[in-house]
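Report on the following structure.
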Amino acid sequence: MNTADYKTVLTQRGYTYAYYHTPNPHKGKPAVLLIHGFPSTAEDWSAQFKYLIEHDYGAIAPDMLGYGGTDKPTVPEAYKAKGMTQDMIDILDQEGVDRAVIVSHDWGVLIGTRLVNNHLNCVQASIFVSHGCVQPDPQFNYKILIEKLNAAVGYDVYGYWDFFTSDGAAEYIYTLFFAVEPDVVVAEMATRGRFRPWMENKNLSDAPAFWTVEDKRKHQAALMKGGLTGPLNWYVARMRELDNEDDAAVPKENYRFRTPTLYIPTLKDMICIPAINEAELRKYCDNLSVKVIDSTHWVMLEKPAELNEAIGEFLAKI
């Protein structure tokens with residue numbers, strides 16, 4: 001991505017966000033806001049950013065709070081969804097963008113959903129990659145969530161959250177999080193109590209086939225530049241139920257997705273399970289499309305051309 005397009009803005013909350021922005025040269029085409037998840041930076045959207053600007057769309061890709069060139073507060077309260085959603089509005093306002101198509105992946109879908117819940121006037125359409133929407137849940141409780149997922153699919157799914165919110169987690173997690181073997185993901189990452197011994201025993205998963213040694217070096221350098229305490233606070237905030245009060249204030253009618261929505265499930269994803277996520281979206285979306293990609297969780301890196309094609313086809317219809 002072009003460093004000339006890399007900017008910063010001070011949000012209303014007092015945090016400096018770094019982001020890439022190339023404006024839309026034709027006012028008839030929308031701007032697209034690309035929201036990454038964990039553990040990523042805006043750079044993971046590079047293929048999509050390039051595709052969008054080559055097809056005359058505006059593109060904005062922020063380093064989310066805790067990542068890359070953006071501030072990295074150490075207090076979990078900074079990572080409440082309502083505040084980070086407002087940060088996205090501040091970036092759009094900075095660039096004079098009234099409405100955008102919101103593309104989100106992994107933890108980014110929490111913010112993509114809250115933009116619909118709290119700022120629907122700013123959302124032209126939504127694209128959820130791998131994970132579906134995360135609707136407000138004033139009664140959110142991690143243990144109850146795990147029990148429900150285990151009953152549905154036979155394993156904990158989010159078992160690694162325990163480890164991610166424990167002391168010393170940041171020094172261990174990088175390699176396994178990019179594991180692509182389904183049995184490794186289910187046994188060592190998705191199952192509670194298994195992640196820490198796996199990492200402390202210095203077990204390593206195979207590197208993804210879509211990564212060269214240099215790709216991995218660059219990705220790790222960008223991600224680890226400011227450490228992982230900030231990124232892991234996304235998990236801490238959720239585990240401590242810091243969003244519950246704000247979630248209770250969202251009117252039920254704001255749960256509806258009244259603008260066009262695309263879900264892109266990744267079939268080899270053992271964490272963001274396609275059937276569960278599609279079912280959740282169908283509860284709330286008035287106009288839902290689904291485009292399946294046979295990929296692991298990291299589809300923007302593994303199959304960027306297919307992801308670009310799915311996004312492009314959707315954008316052409318709205």
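Ligands are numbered from 1 in the order shown, residues from 1 within each chain, and chains are lettered A, B, ... in the order they appear in the structure tokens.
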Test item: residues at most 12 Å from Glu245 (chain A), only C-alpha atoms, excluding those fewer than 4 positions along its chain, as a list of chain:residue names: A:Lys80, A:Ala81, A:Lys82, A:Pro136, A:Asp137, A:Pro138, A:Gln139, A:Phe140, A:Arg238, A:Arg240, A:Glu241, A:Ala249, A:Val250
Determine, using only C-alpha atoms, which residues of region 233-270 of chain A have any atom at most 7 Å from an atom of region 112-117 of chain A, and tabulate each with its shortest atom pair and distance in Å to one decimal place, rows ordered by chain and then rising number, as CSV.
residue,atom,partner,partner_atom,distance
A:Val250,CA,A:Asn117,CA,7.0
A:Asn254,CA,A:Asn117,CA,4.9
A:Tyr255,CA,A:Asn117,CA,5.7
A:Phe257,CA,A:Val116,CA,6.8
Long-range neighbours of Tyr20 (chain A) as a list of chain:residue names, 7 Å cut-off, only C-alpha atoms, 4 positions minimum in chain: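 In the requested format, the answer is A:Asp5, A:Tyr6, A:Lys7, A:Ile60, A:Ala61, A:Pro62.
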Would you write out those residues with C-alpha atoms, as a compact mmCIF listing (two decimals), in the first residue's frame?
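Here's the written file part_10.txt:
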# COMPACT_ATOMS: atom_id res chain seq x y z
CA ASP A 5 -2.04 7.46 1.32
CA TYR A 6 -1.26 6.81 5.00
CA LYS A 7 -2.79 9.44 7.26
CA ILE A 60 -10.30 3.58 3.65
CA ALA A 61 -8.36 1.01 5.69
CA PRO A 62 -7.54 1.93 9.29
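Between Leu52 (chain A) and the residues A:Thr74, A:Asn24, A:Thr8, A:Ser289, the shortest atom-to-atom distance, using only C-alpha atoms, involves A:Asn24.
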Residues flagged strand (DSSP E or B) by DSSP in region 117-254 of chain A, as a ChimeraX atom specification: /A:123-129
Leu267 (chain A) surroundings by only C-alpha atoms, 12 Å radius, close-in-sequence under 5 positions cut, as a PyMOL selection string: chain A and resi 129-131+180+182+272-275+277-278+291-299
Output file for the residues above (C-alpha atoms, as an mmCIF file, in the first residue's frame):
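result39.cif, freshly written:
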data_model
loop_
_atom_site.group_PDB
_atom_site.id
_atom_site.type_symbol
_atom_site.label_atom_id
_atom_site.label_comp_id
_atom_site.auth_asym_id
_atom_site.auth_seq_id
_atom_site.Cartn_x
_atom_site.Cartn_y
_atom_site.Cartn_z
ATOM 1 C CA VAL A 129 -15.977 -11.754 5.744
ATOM 2 C CA SER A 130 -15.645 -15.113 7.566
ATOM 3 C CA HIS A 131 -17.654 -14.034 10.609
ATOM 4 C CA VAL A 180 -4.472 -23.960 8.776
ATOM 5 C CA PRO A 182 -8.438 -28.068 11.014
ATOM 6 C CA CYS A 272 -16.027 -18.642 12.357
ATOM 7 C CA ILE A 273 -18.352 -21.517 11.528
ATOM 8 C CA PRO A 274 -20.269 -20.714 8.313
ATOM 9 C CA ALA A 275 -23.607 -22.353 9.186
ATOM 10 C CA ASN A 277 -22.920 -17.200 11.149
ATOM 11 C CA GLU A 278 -25.228 -17.391 8.152
ATOM 12 C CA LYS A 291 -20.880 -15.926 -1.587
ATOM 13 C CA VAL A 292 -18.926 -18.946 -0.357
ATOM 14 C CA ILE A 293 -15.134 -19.155 -0.719
ATOM 15 C CA ASP A 294 -13.256 -22.415 -0.104
ATOM 16 C CA SER A 295 -10.604 -20.902 2.119
ATOM 17 C CA THR A 296 -9.269 -20.776 5.634
ATOM 18 C CA HIS A 297 -10.013 -17.808 7.896
ATOM 19 C CA TRP A 298 -7.350 -15.663 6.201
ATOM 20 C CA VAL A 299 -9.118 -15.399 2.859
#
CA of Tyr17 (chain A) to CA of Asp87 (chain A), straight-line distance in Å: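 Answer for the CA of Asp87 (chain A) to CA of Tyr17 (chain A) separation: 8.2 Å.
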Residue among A:Ala4, A:Leu65, A:Met300, A:Leu33 lying closest to Val103 (chain A), counting only C-alpha atoms: A:Leu33
Which of region 151-291 of chain A DSSP labels alpha helix (DSSP H), written as a ChimeraX atom specification: /A:151-153,161-164,174-177,182-184,195-200,213-224,229-239,244-248,274-284
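Residue nearest Cys133 (chain A) within the list A:Ile276, A:Ala18, A:Ala305, A:Val97: A:Ile276 [criterion: smallest interatomic distance, only C-alpha atoms].
Proximity to Pro30 (chain A) at 7 Å, evaluated using only C-alpha atoms and with sequence-adjacent residues fewer than 4 positions away removed, yields Tyr57, Gly58, Ala100 and Val101 of chain A.
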All residues 10 Å or closer to Asn2 (chain A), only C-alpha atoms, same chain fewer than 6 positions away omitted, as a ChimeraX atom specification: /A:20-22,46,50
Write to file, as a compact mmCIF listing (two decimals), in the first residue's frame, the residues of the selection just made, with C-alpha atoms.
# COMPACT_ATOMS: atom_id res chain seq x y z
CA TYR A 20 -4.90 4.47 4.38
CA HIS A 21 -7.24 6.49 2.22
CA THR A 22 -7.63 6.93 -1.51
CA SER A 46 -3.71 -4.53 0.56
CA LYS A 50 -5.64 -2.06 -4.67
Selection: 6 Å around region 184-193 of chain A, only C-alpha atoms, excl. self and same-chain fewer than 3 positions, as a ChimeraX atom specification: /A:156-160,181
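As for CA of Ile127 (chain A) and CA of Tyr263 (chain A), they are spaced 5.9 Å apart.
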Residue among A:Met64, A:Ile144, A:Cys285, A:Ala279 lying closest to His36 (chain A), counting only C-alpha atoms: A:Met64
